[in-house]
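Structure file start.txt (compact mmCIF, C-alpha atoms and all ligand atoms) follows.
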# COMPACT_ATOMS: atom_id res chain seq x y z
CA MET A 136 -12.07 23.77 -3.36
CA PRO A 137 -8.26 23.75 -2.85
CA ASP A 138 -6.01 22.21 -5.51
CA PRO A 139 -5.89 18.42 -5.23
CA ALA A 140 -2.92 17.00 -3.34
CA LYS A 141 -0.37 15.33 -5.60
CA ILE A 142 0.28 11.68 -4.86
CA ILE A 143 2.35 8.90 -6.39
CA ILE A 144 1.15 5.35 -5.75
CA ASP A 145 3.88 2.73 -5.40
CA THR A 146 2.22 -0.66 -5.45
CA ASP A 147 2.17 -4.43 -6.07
CA PRO A 148 -1.49 -5.15 -7.01
CA GLY A 149 -2.96 -7.27 -5.29
CA GLN A 150 -6.75 -6.98 -4.78
CA ASP A 151 -6.40 -4.59 -1.85
CA ASP A 152 -3.89 -2.46 -3.75
CA ALA A 153 -6.38 -2.36 -6.63
CA ILE A 154 -9.15 -1.09 -4.34
CA ALA A 155 -6.77 1.54 -2.93
CA ILE A 156 -5.95 2.73 -6.46
CA LEU A 157 -9.67 2.92 -7.32
CA MET A 158 -10.35 4.88 -4.12
CA ALA A 159 -7.60 7.37 -4.97
CA LEU A 160 -8.72 7.78 -8.57
CA ALA A 161 -12.28 8.41 -7.34
CA SER A 162 -11.23 11.17 -4.94
CA PRO A 163 -11.18 14.77 -6.18
CA GLU A 164 -8.94 15.77 -3.26
CA LEU A 165 -6.12 13.72 -4.80
CA GLU A 166 -4.25 13.94 -8.08
CA VAL A 167 -2.62 10.62 -8.92
CA MET A 168 0.52 11.71 -10.82
CA GLY A 169 1.56 8.18 -11.67
CA ILE A 170 1.72 4.62 -10.45
CA THR A 171 5.01 2.78 -9.98
CA ALA A 172 4.73 -1.01 -9.86
CA VAL A 173 7.01 -3.14 -7.74
CA ALA A 174 7.47 -6.89 -7.35
CA GLY A 175 5.67 -8.19 -4.27
CA ASN A 176 2.38 -10.04 -4.14
CA VAL A 177 3.25 -11.38 -7.60
CA PRO A 178 6.22 -10.75 -9.92
CA LEU A 179 6.72 -7.35 -11.55
CA GLU A 180 5.26 -8.26 -14.97
CA LEU A 181 1.96 -9.05 -13.26
CA THR A 182 1.89 -6.08 -10.86
CA ALA A 183 2.64 -3.70 -13.76
CA ARG A 184 -0.14 -5.40 -15.74
CA ASN A 185 -2.62 -5.33 -12.87
CA ALA A 186 -2.03 -1.62 -12.21
CA ARG A 187 -3.04 -0.90 -15.83
CA ILE A 188 -6.09 -3.17 -15.61
CA VAL A 189 -7.23 -1.13 -12.61
CA CYS A 190 -6.65 2.23 -14.35
CA GLU A 191 -8.71 1.01 -17.29
CA LEU A 192 -11.45 -0.25 -14.99
CA ALA A 193 -11.62 3.28 -13.57
CA GLY A 194 -11.63 4.78 -17.08
CA ARG A 195 -8.26 6.44 -16.35
CA ARG A 196 -5.93 5.43 -19.17
CA ASP A 197 -4.30 8.85 -18.76
CA VAL A 198 -2.54 7.86 -15.51
CA PRO A 199 0.99 6.73 -16.35
CA VAL A 200 2.04 3.33 -15.02
CA PHE A 201 5.74 2.55 -14.66
CA ALA A 202 7.64 -0.65 -13.95
CA GLY A 203 10.02 -0.45 -11.01
CA ALA A 204 12.13 -3.06 -9.27
CA ARG A 205 11.72 -6.74 -10.08
CA GLN A 206 13.43 -7.96 -6.94
CA PRO A 207 14.26 -6.78 -3.42
CA LEU A 208 17.54 -4.97 -2.72
CA ARG A 209 19.37 -8.01 -1.40
CA ARG A 210 16.92 -10.87 -1.04
CA ARG A 211 15.19 -13.37 -3.22
CA LEU A 212 11.63 -12.26 -3.95
CA VAL A 213 8.91 -13.76 -1.75
CA THR A 214 5.44 -13.63 -3.36
CA ALA A 215 1.92 -14.22 -2.05
CA GLU A 216 -0.05 -16.14 -4.67
CA HIS A 217 -1.55 -18.12 -1.80
CA VAL A 218 -3.38 -14.92 -0.81
CA HIS A 219 -3.94 -13.10 -4.09
CA GLY A 220 -4.14 -15.94 -6.61
CA ARG A 221 -1.94 -16.70 -9.62
CA THR A 222 -2.51 -13.35 -11.34
CA GLY A 223 -2.47 -11.29 -8.16
CA LEU A 224 -5.91 -10.02 -9.08
CA ASP A 225 -7.90 -13.26 -9.04
CA GLY A 226 -11.64 -12.96 -8.49
CA PRO A 227 -13.22 -10.76 -11.18
CA VAL A 228 -12.72 -11.50 -14.86
CA LEU A 229 -11.23 -8.29 -16.21
CA PRO A 230 -9.93 -7.65 -19.73
CA ASP A 231 -6.22 -7.52 -20.48
CA PRO A 232 -4.99 -3.93 -20.43
CA THR A 233 -4.58 -2.14 -23.73
CA MET A 234 -2.85 0.96 -22.34
CA PRO A 235 0.92 0.63 -22.61
CA LEU A 236 3.35 0.74 -19.77
CA ASP A 237 5.21 4.05 -19.70
CA PRO A 238 8.65 3.16 -21.12
CA ARG A 239 10.56 5.24 -18.54
CA PRO A 240 12.03 3.24 -15.63
CA GLY A 241 9.86 3.73 -12.55
CA VAL A 242 12.66 4.61 -10.13
CA GLY A 243 14.09 7.23 -12.50
CA TRP A 244 10.64 8.75 -12.98
CA LEU A 245 10.16 8.94 -9.22
CA ILE A 246 13.45 10.83 -8.82
CA ASP A 247 12.81 13.20 -11.74
CA THR A 248 9.29 13.96 -10.56
CA LEU A 249 10.29 14.66 -6.98
CA ARG A 250 13.08 16.95 -8.21
CA SER A 251 10.84 18.89 -10.55
CA GLU A 252 7.82 19.41 -8.26
CA PRO A 253 7.85 22.05 -5.50
CA ARG A 254 9.58 20.84 -2.34
CA GLY A 255 7.22 19.02 0.02
CA SER A 256 4.33 18.98 -2.43
CA VAL A 257 4.25 15.27 -3.34
CA THR A 258 3.02 12.47 -1.08
CA ILE A 259 4.12 8.90 -1.76
CA CYS A 260 1.54 6.21 -1.04
CA ALA A 261 3.46 2.95 -0.64
CA LEU A 262 1.31 -0.17 -0.82
CA GLY A 263 3.92 -2.89 -1.34
CA PRO A 264 7.53 -3.74 -0.54
CA LEU A 265 9.56 -0.52 -0.32
CA THR A 266 12.17 -1.44 -2.95
CA ASN A 267 11.38 1.32 -5.47
CA LEU A 268 11.41 4.02 -2.83
CA ALA A 269 14.65 2.79 -1.29
CA LEU A 270 16.35 2.61 -4.67
CA ALA A 271 15.27 6.19 -5.40
CA LEU A 272 16.51 7.40 -1.99
CA LEU A 273 19.84 5.58 -2.36
CA LYS A 274 20.41 6.85 -5.88
CA ALA A 275 19.28 10.42 -5.19
CA PRO A 276 19.49 11.24 -1.46
CA ASP A 277 18.46 14.84 -2.24
CA ILE A 278 14.87 13.70 -2.84
CA ALA A 279 14.40 12.91 0.87
CA ALA A 280 14.01 16.61 1.59
CA ARG A 281 11.60 17.02 -1.31
CA ILE A 282 9.04 14.33 -0.37
CA GLY A 283 6.08 15.77 1.54
CA ARG A 284 5.27 12.52 3.32
CA ILE A 285 5.39 8.77 2.81
CA VAL A 286 2.17 7.03 3.83
CA LEU A 287 2.75 3.31 3.81
CA MET A 288 0.96 0.08 4.54
CA GLY A 289 3.36 -2.20 6.33
CA GLY A 290 4.50 -3.63 9.59
CA ALA A 291 2.72 -4.48 12.82
CA TYR A 292 3.26 -4.24 16.53
CA PHE A 293 0.42 -5.85 18.49
CA GLU A 294 -0.62 -8.02 15.53
CA VAL A 295 3.01 -9.09 15.01
CA GLY A 296 3.07 -10.85 11.63
CA ASN A 297 1.12 -12.31 8.73
CA ILE A 298 3.79 -13.84 6.46
CA THR A 299 5.95 -15.07 9.35
CA PRO A 300 5.11 -15.17 13.05
CA ALA A 301 7.11 -11.94 13.45
CA ALA A 302 6.73 -9.93 10.25
CA GLU A 303 4.19 -8.33 7.97
CA PHE A 304 4.49 -9.16 4.26
CA ASN A 305 5.55 -5.80 2.73
CA ILE A 306 8.35 -5.26 5.22
CA HIS A 307 9.42 -8.91 5.25
CA VAL A 308 9.87 -9.01 1.48
CA ASP A 309 12.45 -6.22 1.50
CA PRO A 310 13.56 -5.34 5.03
CA GLU A 311 16.71 -3.54 3.85
CA ALA A 312 14.55 -1.26 1.70
CA ALA A 313 12.24 -0.59 4.63
CA GLN A 314 15.25 0.30 6.76
CA VAL A 315 16.39 2.86 4.17
CA VAL A 316 12.92 4.43 4.13
CA PHE A 317 12.50 4.59 7.92
CA ARG A 318 15.96 6.12 8.31
CA ALA A 319 15.63 8.68 5.52
CA GLY A 320 14.34 11.51 7.70
CA VAL A 321 11.15 11.82 5.63
CA PRO A 322 7.83 12.22 7.50
CA VAL A 323 6.30 8.73 7.49
CA THR A 324 2.81 7.53 8.39
CA VAL A 325 2.48 3.78 8.93
CA LEU A 326 -0.74 1.82 8.50
CA PRO A 327 0.26 -1.47 10.16
CA LEU A 328 -1.74 -4.67 10.60
CA ASP A 329 -2.82 -3.28 13.99
CA ALA A 330 -5.08 -0.89 12.10
CA THR A 331 -5.75 -2.76 8.84
CA HIS A 332 -6.93 -5.93 10.60
CA LYS A 333 -9.84 -3.80 11.82
CA ALA A 334 -10.85 -2.80 8.27
CA LEU A 335 -12.75 -6.02 7.63
CA VAL A 336 -15.07 -6.52 4.68
CA THR A 337 -18.08 -8.02 6.41
CA GLY A 338 -20.90 -9.53 4.36
CA ALA A 339 -22.90 -6.32 4.64
CA ARG A 340 -19.97 -4.21 3.46
CA ASN A 341 -19.39 -6.48 0.50
CA ASP A 342 -23.10 -6.31 -0.34
CA ALA A 343 -22.80 -2.51 -0.36
CA PHE A 344 -20.03 -2.70 -3.00
CA ARG A 345 -22.09 -5.08 -5.13
CA ALA A 346 -25.21 -2.94 -4.73
CA LEU A 347 -23.44 -0.07 -6.48
CA GLY A 348 -24.44 -1.96 -9.62
CA THR A 349 -21.46 -0.62 -11.57
CA PRO A 350 -18.54 -2.50 -13.16
CA VAL A 351 -16.30 -1.08 -10.40
CA GLY A 352 -18.67 -2.08 -7.59
CA THR A 353 -19.03 -5.61 -8.98
CA ALA A 354 -15.29 -6.03 -9.54
CA VAL A 355 -14.49 -4.83 -6.01
CA ALA A 356 -17.07 -7.22 -4.51
CA GLU A 357 -15.55 -10.09 -6.51
CA MET A 358 -12.04 -9.13 -5.46
CA THR A 359 -12.95 -9.12 -1.79
CA ASP A 360 -14.86 -12.40 -2.20
CA PHE A 361 -11.66 -13.97 -3.46
CA PHE A 362 -9.43 -12.33 -0.87
CA GLU A 363 -11.82 -13.37 1.87
CA ARG A 364 -11.56 -17.10 1.39
CA PHE A 365 -7.93 -16.89 2.53
CA ASP A 366 -8.55 -14.82 5.64
CA LEU A 367 -11.51 -16.93 6.69
CA GLU A 368 -9.33 -20.03 6.53
CA LYS A 369 -6.47 -18.32 8.31
CA TYR A 370 -8.00 -16.10 10.95
CA GLY A 371 -11.63 -17.22 11.06
CA SER A 372 -12.41 -13.49 11.06
CA ASP A 373 -15.45 -11.58 9.86
CA GLY A 374 -14.06 -10.74 6.45
CA ALA A 375 -11.02 -9.80 4.46
CA PRO A 376 -8.86 -6.98 5.82
CA LEU A 377 -8.58 -4.16 3.31
CA HIS A 378 -5.00 -3.25 4.12
CA ASP A 379 -3.91 -0.88 1.38
CA PRO A 380 -7.06 1.27 1.05
CA CYS A 381 -6.37 2.42 4.63
CA VAL A 382 -3.49 4.47 3.20
CA ILE A 383 -5.85 6.43 0.98
CA GLY A 384 -8.42 6.57 3.79
CA TRP A 385 -5.85 8.18 6.09
CA LEU A 386 -5.02 10.83 3.47
CA LEU A 387 -8.67 11.71 2.95
CA ARG A 388 -9.96 11.47 6.52
CA PRO A 389 -7.14 11.31 9.11
CA ASP A 390 -9.79 11.94 11.76
CA LEU A 391 -10.97 8.34 11.26
CA PHE A 392 -7.59 7.04 12.46
CA SER A 393 -5.57 7.33 15.67
CA GLY A 394 -1.96 6.53 16.46
CA ARG A 395 1.27 7.68 18.04
CA SER A 396 4.45 9.37 16.87
CA ILE A 397 7.07 6.81 17.80
CA ASN A 398 10.37 5.26 16.79
CA VAL A 399 10.22 2.33 14.39
CA GLU A 400 13.27 0.25 13.50
CA ILE A 401 13.41 -2.68 11.09
CA GLU A 402 14.97 -6.04 11.97
CA THR A 403 17.22 -7.08 9.10
CA LEU A 404 19.69 -9.48 10.74
CA SER A 405 17.73 -12.29 12.36
CA ASP A 406 16.41 -15.09 10.13
CA LEU A 407 13.69 -15.70 12.68
CA THR A 408 12.31 -12.17 12.88
CA ARG A 409 13.45 -10.70 9.56
CA GLY A 410 11.29 -7.72 8.60
CA MET A 411 9.83 -7.22 12.06
CA THR A 412 8.87 -3.60 12.75
CA VAL A 413 10.31 -2.91 16.18
CA ALA A 414 7.86 -0.19 17.11
CA ASP A 415 8.49 1.66 20.37
CA TRP A 416 4.75 2.01 21.04
CA TRP A 417 5.30 2.36 24.80
CA ARG A 418 8.16 4.81 24.32
CA VAL A 419 10.54 2.75 26.43
CA THR A 420 13.67 3.82 24.54
CA PRO A 421 15.17 7.27 24.00
CA ARG A 422 15.17 6.64 20.24
CA PRO A 423 13.56 9.63 18.50
CA ALA A 424 10.21 9.30 16.76
CA ASN A 425 10.54 8.68 13.04
CA ALA A 426 6.96 7.69 12.18
CA PHE A 427 3.32 8.22 12.98
CA PHE A 428 2.19 4.65 13.70
CA VAL A 429 -1.56 4.13 13.39
CA GLY A 430 -3.13 1.84 15.96
CA ASP A 431 -6.86 2.13 15.42
CA LEU A 432 -9.50 3.22 12.95
CA ASP A 433 -13.20 3.90 12.75
CA ALA A 434 -14.04 0.97 10.48
CA ALA A 435 -17.67 1.98 9.86
CA GLY A 436 -16.61 5.50 8.86
CA PHE A 437 -13.84 4.13 6.66
CA PHE A 438 -16.17 1.77 4.75
CA ASP A 439 -18.78 4.50 4.31
CA LEU A 440 -16.09 6.68 2.77
CA LEU A 441 -14.75 3.90 0.56
CA THR A 442 -18.18 2.91 -0.73
CA GLU A 443 -19.13 6.53 -1.37
CA ARG A 444 -15.92 7.03 -3.36
CA LEU A 445 -16.27 3.84 -5.40
CA ALA A 446 -19.79 4.97 -6.34
CA ARG A 447 -18.25 7.91 -8.19
CA LEU A 448 -16.45 5.70 -10.72
C1 LIG B 1 0.12 -6.31 2.57
O1 LIG B 1 0.66 -7.41 1.86
C2 LIG B 1 -0.04 -7.61 0.66
O2 LIG B 1 -0.43 -8.93 0.55
C3 LIG B 1 -1.22 -6.65 0.66
O3 LIG B 1 -1.41 -6.15 -0.65
C4 LIG B 1 -0.81 -5.58 1.63
O4 LIG B 1 -0.09 -4.54 0.98
C5 LIG B 1 -0.55 -6.81 3.85
O5 LIG B 1 0.38 -7.45 4.66
CA CA B 2 0.02 -4.35 -1.44
I need this file expressed as structure tokens, please.
Amino acid sequence: MPDPAKIIIDTDPGQDDAIAILMALASPELEVMGITAVAGNVPLELTARNARIVCELAGRRDVPVFAGARQPLRRRLVTAEHVHGRTGLDGPVLPDPTMPLDPRPGVGWLIDTLRSEPRGSVTICALGPLTNLALALLKAPDIAARIGRIVLMGGAYFEVGNITPAAEFNIHVDPEAAQVVFRAGVPVTVLPLDATHKALVTGARNDAFRALGTPVGTAVAEMTDFFERFDLEKYGSDGAPLHDPCVIGWLLRPDLFSGRSINVEIETLSDLTRGMTVADWWRVTPRPANAFFVGDLDAAGFFDLLTERLARL
């Protein structure tokens, strides 16, 4: 088997972030070098805490967790307790973490790591607002050429928005950061709402998590139960969309996903559409492609993969 691919997870857990972290930790193809927490779904203290709870749930106290930015580059933080609950990880009752936070600042660690690893060998999985990544790129522009790829959950084209009528949450929270990332010249893969709204945890899929009969399977089922109540009220859909695990799914099985290499720009000026991902899906402008924008996924294949991976923990 080839050496595992090195990844860094930048995240704001969040139930769906937590499931993405578990999926990555369960996958022998991936080596999680570290987790950088960012303010997003809930404030930084809670996202940094939740990331450690998840590592401990997976029995992986060895994975370093760092605190990154506590607020967006230029905006006041918008959070999503209405989706994720007060702690960000409402649903299962999980013990407080005992592993400490790594004392090094997350953004500095990101820069040092990218500079010390072979060029192009590290993939960044971005599951929250892009503040940490943008700060790293602004402080150390040389790292742009060293990042293998950024695979991020964020944005939407056909699905438009979930936190405002025009914008998806991660991009809306820090649009200036997203603009830095999309303009950095780094290969980017985008898992937008167009794809993640098809990754729905139906009753049968949730039963499959619970049937694992493990602490991880039970916790994941309880997380999606909690997450679901919001989406049922809002969309009346078949289950909660598992946004962030799609990032890990794409890394493991890109054949389950389809999309287009297109230009994506971020709206930062308009109050009405702030954080909108202006995706040139139909290629109607001459603007060069700067992202692979996923539009569809094989949901059954994705959930089979996820459940099989969670069973390993
Ligand atoms: C994104 O926002 C957060 O609520 C989720 O964790 C996901 O990263 C979906 O819009
Ligand atoms: Ca997230």
Give me, as a PyMOL selection string, all polymer residues having an atom no more than 12 Å from Arg447 (chain A), counting only C-alpha atoms and skipping those fewer than 3 positions away in the same chain.
chain A and resi 157-163+193-194+344+347-352+440-444
Excluding Arg187 (chain A) and residues on its chain fewer than 4 positions from it, collect all residues at most 9 Å away from it, counting all atoms listed in the file, and give them as number ranges by chain.
A: 182-183, 191-192, 196, 198-200, 231-236
Counting only C-alpha atoms and all ligand atoms, the option among A:Met411, A:Ala346, A:Val173, A:Leu262 closest to ligand LIG 1 (chain B):
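Looking only at the distances to ligand LIG 1 (chain B), the closest residue turns out to be A:Leu262.
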Determine, counting only C-alpha atoms, which protein, DNA and RNA residues have an atom within 8 Å of an atom of region 374-380 of chain A; residues of the same chain fewer than 2 positions away are not included. Present the result as a PyMOL selection string.
chain A and resi 151-152+154-156+158+262+288+326+328+331-338+359+362-367+372+382-384
Near-ligand residues for ligand LIG 1 (chain B), threshold 8 Å, only C-alpha atoms and all ligand atoms, as a PDB file with C-alpha atoms, keeping the file's coordinate frame:
ATOM      1  CA  THR A 146       2.220  -0.660  -5.450  1.00  0.00           C
ATOM      2  CA  ASP A 147       2.170  -4.430  -6.070  1.00  0.00           C
ATOM      3  CA  PRO A 148      -1.490  -5.150  -7.010  1.00  0.00           C
ATOM      4  CA  GLY A 149      -2.960  -7.270  -5.290  1.00  0.00           C
ATOM      5  CA  GLN A 150      -6.750  -6.980  -4.780  1.00  0.00           C
ATOM      6  CA  ASP A 151      -6.400  -4.590  -1.850  1.00  0.00           C
ATOM      7  CA  ASP A 152      -3.890  -2.460  -3.750  1.00  0.00           C
ATOM      8  CA  GLY A 175       5.670  -8.190  -4.270  1.00  0.00           C
ATOM      9  CA  ASN A 176       2.380 -10.040  -4.140  1.00  0.00           C
ATOM     10  CA  ALA A 215       1.920 -14.220  -2.050  1.00  0.00           C
ATOM     11  CA  VAL A 218      -3.380 -14.920  -0.810  1.00  0.00           C
ATOM     12  CA  HIS A 219      -3.940 -13.100  -4.090  1.00  0.00           C
ATOM     13  CA  LEU A 262       1.310  -0.170  -0.820  1.00  0.00           C
ATOM     14  CA  GLY A 263       3.920  -2.890  -1.340  1.00  0.00           C
ATOM     15  CA  PRO A 264       7.530  -3.740  -0.540  1.00  0.00           C
ATOM     16  CA  MET A 288       0.960   0.080   4.540  1.00  0.00           C
ATOM     17  CA  GLY A 289       3.360  -2.200   6.330  1.00  0.00           C
ATOM     18  CA  GLY A 290       4.500  -3.630   9.590  1.00  0.00           C
ATOM     19  CA  ASN A 297       1.120 -12.310   8.730  1.00  0.00           C
ATOM     20  CA  ILE A 298       3.790 -13.840   6.460  1.00  0.00           C
ATOM     21  CA  GLU A 303       4.190  -8.330   7.970  1.00  0.00           C
ATOM     22  CA  PHE A 304       4.490  -9.160   4.260  1.00  0.00           C
ATOM     23  CA  ASN A 305       5.550  -5.800   2.730  1.00  0.00           C
ATOM     24  CA  LEU A 328      -1.740  -4.670  10.600  1.00  0.00           C
ATOM     25  CA  HIS A 378      -5.000  -3.250   4.120  1.00  0.00           C
ATOM     26  CA  ASP A 379      -3.910  -0.880   1.380  1.00  0.00           C
TER      27      ASP A 379
END
Å distance separating CA of Leu268 (chain A) from CA of Leu391 (chain A), one decimal place
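Between CA of Leu268 (chain A) and CA of Leu391 (chain A) the gap works out to 26.8 Å.
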The distance between CA of Phe428 (chain A) and CA of Pro327 (chain A) is 7.3 Å
Could you check which of A:Met168, A:Asp360, A:Thr248, A:Ala291 is closest to Gly226 (chain A), using only C-alpha atoms?
A:Asp360
Nearest to Ile282 (chain A): which of A:Val321, A:Val177, A:Val308, A:Ala301 is it, counting all atoms listed in the file?
A:Val321
Looking at only C-alpha atoms and all ligand atoms, which of A:Pro310, A:Pro207, A:Pro238, A:Gly223 is the one that sits closest to ligand CA 2 (chain B)?
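For ligand CA 2 (chain B), the nearest of the candidates is A:Gly223.
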Between CA of Ile278 (chain A) and CA of Val242 (chain A), distance in Å (one decimal)
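Atom-to-atom, CA of Ile278 (chain A) and CA of Val242 (chain A) are spaced 11.9 Å apart.
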Residues within 8 Å of region 269-272 of chain A, all atoms listed in the file, excluding chain neighbours under 5 positions, as a PyMOL selection string:
chain A and resi 208+242-243+245-246+277-279+312-313+315-316+319
When distances are computed from all atoms listed in the file, which of A:Ala153, A:Val286, A:Val189, A:Ala424 shows the smallest separation from ligand CA 2 (chain B)?
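Result for the nearest residue to ligand CA 2 (chain B): A:Ala153.
Compared by their closest atoms to Leu448 (chain A), and using all atoms listed in the file, the residues A:Thr324, A:Asn425, A:Thr353, A:Asn398 rank with A:Thr353 nearest.
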